[in-house]
Amino acid sequence: MRVNIFPPIAEDHPFDSVRLYARNLLPALVASGVDAREVPFSRRLQSLIPARLNGPLNRYVIHPVHAARHQGTVNHVLDHAYAHLAFTLDARRTVVSCNSMSIPKAIAGEIPGFAIPASLRTSMWFRHRGMLKCARIVACSHALKNDIVRFFRCDPAQVSVVYDGINHSMFRRLDDPAALKALRDEHRLPADGTRLIVVVSAAGGGGYKNRMATLRTQRALIARGQKTLLVLVGAALTDEEQAYLNEHALDRHVRAVGRVSWDGLVGLYNLADVFLFPSWDEGFGYPPIEAMACGAPVVVSSIPVLLETTGGVALSAPPDDA
């Protein structure tokens with residue numbers, strides 16, 4: 001039996017965690033004696049396609065045709081955003097991992113301030129139709145499975161729950177003061193007793209990651225005389241977020257470090273006095289688990305999935321309690 005794995009296209013930055021999942025899954029399958037291989041995205045025609053057409057044409061035409069020519073005994077599509085591949089793959093032997101239901105929930109008005117453009121609504125409808133064609137849907141939490149069944153009215157037996165995992169050889173406590181000092185220096189983080197509140201978010205603004213809540217939390221802490229620095233990892237500040245910082249004179253109390261390497265992320269988890277994760281929705285939520293593995297105290301929003309995946313170890317509060 002051969003298992004062919006179809007990961008997201010490399011340019012899709014929000015899928016970094018899914019690509020990390022792929023890098024761990026493939027060697028684990030091989031070590032278990034499974035003939036498994038990753039099917040990379042075809043680049044054959046990329047240089048010939050105008051830039052404005054490149055993304056959609058690659059995703060919805062070239063990639064599905066390429067996938068159909070590279071099928072295994074079992075096909076595993078690693079994210080439901082690529083579930084449209086089921087229209088060209090043999091759906092009877094295709095498994096798709098569903099990692100989030102945030103867009104259907106936002107369309108239904110269940111996530112405040114998360115506007116979904118019409119083009120994305122249409123494409124996600126297409127992808128979800130493909131997901132439902134697959135022989136099996138893998139959900140990374142029971143909360144996510146419940147949402148899949150609730151929104152799509154599919155047979156619960158079609159959905160299996162397999163928790164995501166993390167690589168503990170990567171996400172761990174560090175015993176290297178020199179490396180941690182170098183990281184502090186790189187990001188100009190204070191070493192004067194200021195408590196670091198670390199936030200990891202691939203998306204800023206009013207999306208389901210709810211990053212504005214972290215700014216409101218920091219404002220409240222400063223108003224109470226707390227000596228804290230909010231460290232934002234991931235997406236750059238949005239105009240709305242920068243305006244909020246300017247309005248409330250928070251610039252020197254917030255440090256946006258942007259995207260960092262995996263080693264840099266592990267270091268920031270180790271430096272964190274608190275890791276804050278106030279999402280309105282998640283399918284699993286890697287960052288709190290990663291942070292806990294690195295020894296950071298964690299506070300999450302009290303949504304069902306994060307209460308499930310953190311196992312009751314993290315502190316929690318409603319996502320609008322800021």
# chains A, B, ... in the order shown; residues from 1 in each chain; ligands from 1
>>> residues_around(residues="Pro7 of chain A", least_positions_apart="4", cutoff="9 Å", atoms="only C-alpha atoms", output="list of chain:residue names")
A:Val18, A:Arg19, A:Ala22, A:Glu38, A:Val39, A:Pro40, A:Phe41, A:His76, A:Val77, A:Leu78, A:Asp79, A:Tyr82
>>> select_by_dssp(residues="segment 97-156 of chain A", states="helix (DSSP H, G or I)", output="PyMOL selection string")
chain A and resi 102-107+118-133+142-152+156
>>> write_last_selection(atoms="N, CA and C atoms", output="short mmCIF file (atom, residue, chain, number, x, y, z; two decimals), in the first residue's frame")
data_model
loop_
_atom_site.label_atom_id
_atom_site.label_comp_id
_atom_site.auth_asym_id
_atom_site.auth_seq_id
_atom_site.Cartn_x
_atom_site.Cartn_y
_atom_site.Cartn_z
N SER A 102 -13.81 27.80 10.84
CA SER A 102 -13.97 29.22 11.15
C SER A 102 -14.75 29.97 10.09
N ILE A 103 -14.53 29.65 8.82
CA ILE A 103 -15.23 30.40 7.77
C ILE A 103 -16.73 30.12 7.77
N PRO A 104 -17.18 28.85 7.80
CA PRO A 104 -18.63 28.63 7.92
C PRO A 104 -19.23 29.28 9.17
N LYS A 105 -18.49 29.26 10.27
CA LYS A 105 -19.01 29.85 11.50
C LYS A 105 -19.08 31.38 11.39
N ALA A 106 -18.10 31.97 10.69
CA ALA A 106 -18.14 33.41 10.48
C ALA A 106 -19.31 33.79 9.58
N ILE A 107 -19.54 33.02 8.52
CA ILE A 107 -20.66 33.29 7.62
C ILE A 107 -21.98 33.21 8.38
N ALA A 118 -17.20 37.66 -0.70
CA ALA A 118 -18.03 36.77 -1.51
C ALA A 118 -17.19 35.74 -2.26
N SER A 119 -16.02 36.15 -2.75
CA SER A 119 -15.17 35.21 -3.50
C SER A 119 -14.73 34.04 -2.63
N LEU A 120 -14.41 34.33 -1.36
CA LEU A 120 -14.00 33.26 -0.46
C LEU A 120 -15.17 32.37 -0.08
N ARG A 121 -16.34 32.95 0.07
CA ARG A 121 -17.54 32.15 0.35
C ARG A 121 -17.76 31.12 -0.76
N THR A 122 -17.60 31.56 -2.00
CA THR A 122 -17.82 30.66 -3.14
C THR A 122 -16.77 29.57 -3.19
N SER A 123 -15.51 29.94 -3.02
CA SER A 123 -14.44 28.95 -3.11
C SER A 123 -14.52 27.95 -1.96
N MET A 124 -14.88 28.44 -0.76
CA MET A 124 -14.99 27.52 0.37
C MET A 124 -16.17 26.57 0.21
N TRP A 125 -17.26 27.04 -0.41
CA TRP A 125 -18.37 26.13 -0.69
C TRP A 125 -17.88 24.99 -1.57
N PHE A 126 -17.10 25.34 -2.60
CA PHE A 126 -16.56 24.34 -3.53
C PHE A 126 -15.65 23.35 -2.80
N ARG A 127 -14.78 23.88 -1.94
CA ARG A 127 -13.85 23.01 -1.21
C ARG A 127 -14.59 22.10 -0.24
N HIS A 128 -15.60 22.65 0.42
CA HIS A 128 -16.36 21.82 1.38
C HIS A 128 -17.15 20.72 0.66
N ARG A 129 -17.64 21.02 -0.56
CA ARG A 129 -18.29 19.94 -1.33
C ARG A 129 -17.29 18.82 -1.61
N GLY A 130 -16.06 19.20 -1.94
CA GLY A 130 -15.03 18.20 -2.16
C GLY A 130 -14.74 17.40 -0.90
N MET A 131 -14.69 18.08 0.24
CA MET A 131 -14.42 17.40 1.51
C MET A 131 -15.48 16.33 1.78
N LEU A 132 -16.73 16.66 1.51
CA LEU A 132 -17.81 15.71 1.80
C LEU A 132 -17.81 14.53 0.83
N LYS A 133 -17.12 14.65 -0.31
CA LYS A 133 -17.00 13.52 -1.24
C LYS A 133 -16.02 12.46 -0.74
N HIS A 142 -12.67 16.84 19.00
CA HIS A 142 -14.08 16.48 19.06
C HIS A 142 -14.96 17.72 18.86
N ALA A 143 -14.49 18.88 19.33
CA ALA A 143 -15.25 20.11 19.12
C ALA A 143 -15.37 20.40 17.63
N LEU A 144 -14.29 20.18 16.89
CA LEU A 144 -14.32 20.40 15.44
C LEU A 144 -15.24 19.39 14.76
N LYS A 145 -15.17 18.14 15.17
CA LYS A 145 -16.08 17.14 14.59
C LYS A 145 -17.53 17.56 14.80
N ASN A 146 -17.85 18.02 15.98
CA ASN A 146 -19.23 18.44 16.25
C ASN A 146 -19.66 19.58 15.31
N ASP A 147 -18.73 20.51 15.03
CA ASP A 147 -19.04 21.60 14.12
C ASP A 147 -19.23 21.10 12.68
N ILE A 148 -18.39 20.17 12.25
CA ILE A 148 -18.51 19.62 10.89
C ILE A 148 -19.88 18.97 10.72
N VAL A 149 -20.27 18.14 11.67
CA VAL A 149 -21.56 17.44 11.59
C VAL A 149 -22.71 18.44 11.67
N ARG A 150 -22.56 19.46 12.52
CA ARG A 150 -23.64 20.44 12.70
C ARG A 150 -23.86 21.27 11.44
N PHE A 151 -22.79 21.69 10.78
CA PHE A 151 -22.92 22.56 9.61
C PHE A 151 -23.27 21.79 8.34
N PHE A 152 -22.71 20.61 8.18
CA PHE A 152 -22.86 19.90 6.90
C PHE A 152 -23.84 18.73 6.98
N PRO A 156 -21.99 11.26 11.21
CA PRO A 156 -20.87 11.34 12.16
C PRO A 156 -19.83 10.24 11.96
#
>>> select_by_dssp(residues="segment 72-198 of chain A", states="strand (DSSP E or B)", output="short mmCIF file (atom, residue, chain, number, x, y, z; two decimals) with N, CA and C atoms, in the first residue's frame")
data_model
loop_
_atom_site.label_atom_id
_atom_site.label_comp_id
_atom_site.auth_asym_id
_atom_site.auth_seq_id
_atom_site.Cartn_x
_atom_site.Cartn_y
_atom_site.Cartn_z
N VAL A 74 -3.86 5.11 -1.08
CA VAL A 74 -4.63 6.04 -0.24
C VAL A 74 -4.08 7.44 -0.49
N ASN A 75 -4.96 8.40 -0.69
CA ASN A 75 -4.57 9.79 -0.85
C ASN A 75 -4.96 10.56 0.41
N HIS A 76 -4.02 11.33 0.95
CA HIS A 76 -4.32 12.12 2.15
C HIS A 76 -4.10 13.60 1.84
N VAL A 77 -5.19 14.35 1.75
CA VAL A 77 -5.14 15.80 1.57
C VAL A 77 -5.05 16.42 2.96
N THR A 94 -9.69 8.54 -0.74
CA THR A 94 -9.09 9.81 -0.34
C THR A 94 -9.58 10.22 1.05
N VAL A 95 -8.63 10.62 1.86
CA VAL A 95 -8.89 11.12 3.21
C VAL A 95 -8.50 12.59 3.24
N VAL A 96 -9.30 13.41 3.91
CA VAL A 96 -8.97 14.82 4.02
C VAL A 96 -8.96 15.22 5.50
N SER A 97 -7.95 15.98 5.89
CA SER A 97 -7.90 16.52 7.24
C SER A 97 -8.60 17.87 7.25
N CYS A 98 -9.57 18.02 8.12
CA CYS A 98 -10.24 19.31 8.32
C CYS A 98 -9.65 19.95 9.57
N ARG A 136 -13.26 9.65 4.04
CA ARG A 136 -13.12 9.90 5.47
C ARG A 136 -12.65 11.34 5.67
N ILE A 137 -13.22 11.98 6.68
CA ILE A 137 -12.79 13.31 7.12
C ILE A 137 -12.12 13.14 8.47
N VAL A 138 -10.91 13.66 8.60
CA VAL A 138 -10.20 13.59 9.87
C VAL A 138 -10.28 14.95 10.55
N ALA A 139 -10.90 14.99 11.71
CA ALA A 139 -10.99 16.22 12.51
C ALA A 139 -9.96 16.16 13.62
N VAL A 159 -16.63 11.03 10.02
CA VAL A 159 -15.64 11.92 10.62
C VAL A 159 -14.94 11.21 11.78
N SER A 160 -13.62 11.09 11.66
CA SER A 160 -12.81 10.49 12.72
C SER A 160 -12.00 11.58 13.41
N VAL A 161 -11.84 11.47 14.71
CA VAL A 161 -11.04 12.44 15.46
C VAL A 161 -9.65 11.88 15.70
N ARG A 195 7.43 41.83 32.61
CA ARG A 195 6.84 40.53 32.26
C ARG A 195 6.43 40.52 30.80
N LEU A 196 6.80 39.45 30.11
CA LEU A 196 6.52 39.32 28.68
C LEU A 196 5.25 38.51 28.47
N ILE A 197 4.29 39.12 27.78
CA ILE A 197 3.05 38.43 27.39
C ILE A 197 3.17 38.14 25.90
N VAL A 198 3.32 36.89 25.55
CA VAL A 198 3.57 36.51 24.16
C VAL A 198 2.26 36.07 23.50
#
>>> atom_distance(atom1="atom CA of Ile111 of chain A", atom2="atom CA of Tyr208 of chain A")
6.4 Å
>>> residues_around(residues="Leu29 of chain A", least_positions_apart="5", cutoff="12 Å", atoms="only C-alpha atoms", output="PyMOL selection string")
chain A and resi 1-5+22-24+34-38
>>> write_last_selection(atoms="C-alpha atoms", output="PDB file, in the first residue's frame")
ATOM      1  CA  MET A   1       0.000   0.000   0.000  1.00  0.00           C
ATOM      2  CA  ARG A   2       1.256   3.469  -0.871  1.00  0.00           C
ATOM      3  CA  VAL A   3       0.027   6.615   0.887  1.00  0.00           C
ATOM      4  CA  ASN A   4       0.435   9.839  -1.065  1.00  0.00           C
ATOM      5  CA  ILE A   5       0.296  13.035   0.980  1.00  0.00           C
ATOM      6  CA  ALA A  22       3.360  17.033   7.061  1.00  0.00           C
ATOM      7  CA  ARG A  23       7.049  17.068   7.973  1.00  0.00           C
ATOM      8  CA  ASN A  24       6.315  15.021  11.089  1.00  0.00           C
ATOM      9  CA  VAL A  34       4.226   2.443   5.273  1.00  0.00           C
ATOM     10  CA  ASP A  35       5.269   3.332   1.735  1.00  0.00           C
ATOM     11  CA  ALA A  36       4.440   7.039   2.041  1.00  0.00           C
ATOM     12  CA  ARG A  37       5.531   9.988  -0.045  1.00  0.00           C
ATOM     13  CA  GLU A  38       4.713  13.665  -0.375  1.00  0.00           C
TER      14      GLU A  38
END
>>> closest_residue(among="A:Leu174, A:Ala314, A:Met212, A:Val257", to="Asp239 of chain A", atoms="only C-alpha atoms")
A:Met212
>>> residues_around(residues="Gln226 of chain A", least_positions_apart="3", cutoff="9 Å", atoms="only C-alpha atoms", output="short mmCIF file (atom, residue, chain, number, x, y, z; two decimals) with N, CA and C atoms, in the first residue's frame")
data_model
loop_
_atom_site.label_atom_id
_atom_site.label_comp_id
_atom_site.auth_asym_id
_atom_site.auth_seq_id
_atom_site.Cartn_x
_atom_site.Cartn_y
_atom_site.Cartn_z
N THR A 194 10.49 43.27 33.46
CA THR A 194 9.23 43.44 32.73
C THR A 194 8.70 42.06 32.33
N ARG A 195 7.43 41.83 32.61
CA ARG A 195 6.84 40.53 32.26
C ARG A 195 6.43 40.52 30.80
N ALA A 220 -5.36 47.49 29.71
CA ALA A 220 -5.91 47.38 31.07
C ALA A 220 -4.79 47.10 32.08
N LEU A 221 -3.82 46.27 31.70
CA LEU A 221 -2.71 45.96 32.61
C LEU A 221 -1.86 47.20 32.89
N ILE A 222 -1.56 47.96 31.85
CA ILE A 222 -0.77 49.18 32.03
C ILE A 222 -1.51 50.18 32.90
N ALA A 223 -2.83 50.27 32.69
CA ALA A 223 -3.64 51.19 33.51
C ALA A 223 -3.61 50.81 34.98
#
>>> atom_distance(atom1="atom CA of Thr217 of chain A", atom2="atom CA of Leu230 of chain A")
9.3 Å
>>> closest_residue(among="A:Ile289, A:Ala68, A:Ala31, A:Val254", to="Tyr269 of chain A", atoms="only C-alpha atoms")
A:Ile289
>>> atom_distance(atom1="atom CA of Ser261 of chain A", atom2="atom CA of Gly234 of chain A")
10.3 Å
>>> residues_around(residues="Asn210 of chain A", least_positions_apart="5", cutoff="7 Å", atoms="only C-alpha atoms", output="PyMOL selection string")
chain A and resi 278-280
>>> write_last_selection(atoms="N, CA and C atoms", output="tab-separated table (two decimals), in the first residue's frame")
chain	number	residue	atom	x	y	z
A	278	PRO	N	-6.44	34.26	22.73
A	278	PRO	CA	-7.86	34.57	22.96
A	278	PRO	C	-8.78	34.29	21.77
A	279	SER	N	-8.49	33.29	20.96
A	279	SER	CA	-9.24	33.05	19.72
A	279	SER	C	-10.74	32.90	19.95
A	280	TRP	N	-11.50	33.38	18.95
A	280	TRP	CA	-12.94	33.11	18.92
A	280	TRP	C	-13.20	31.68	18.45
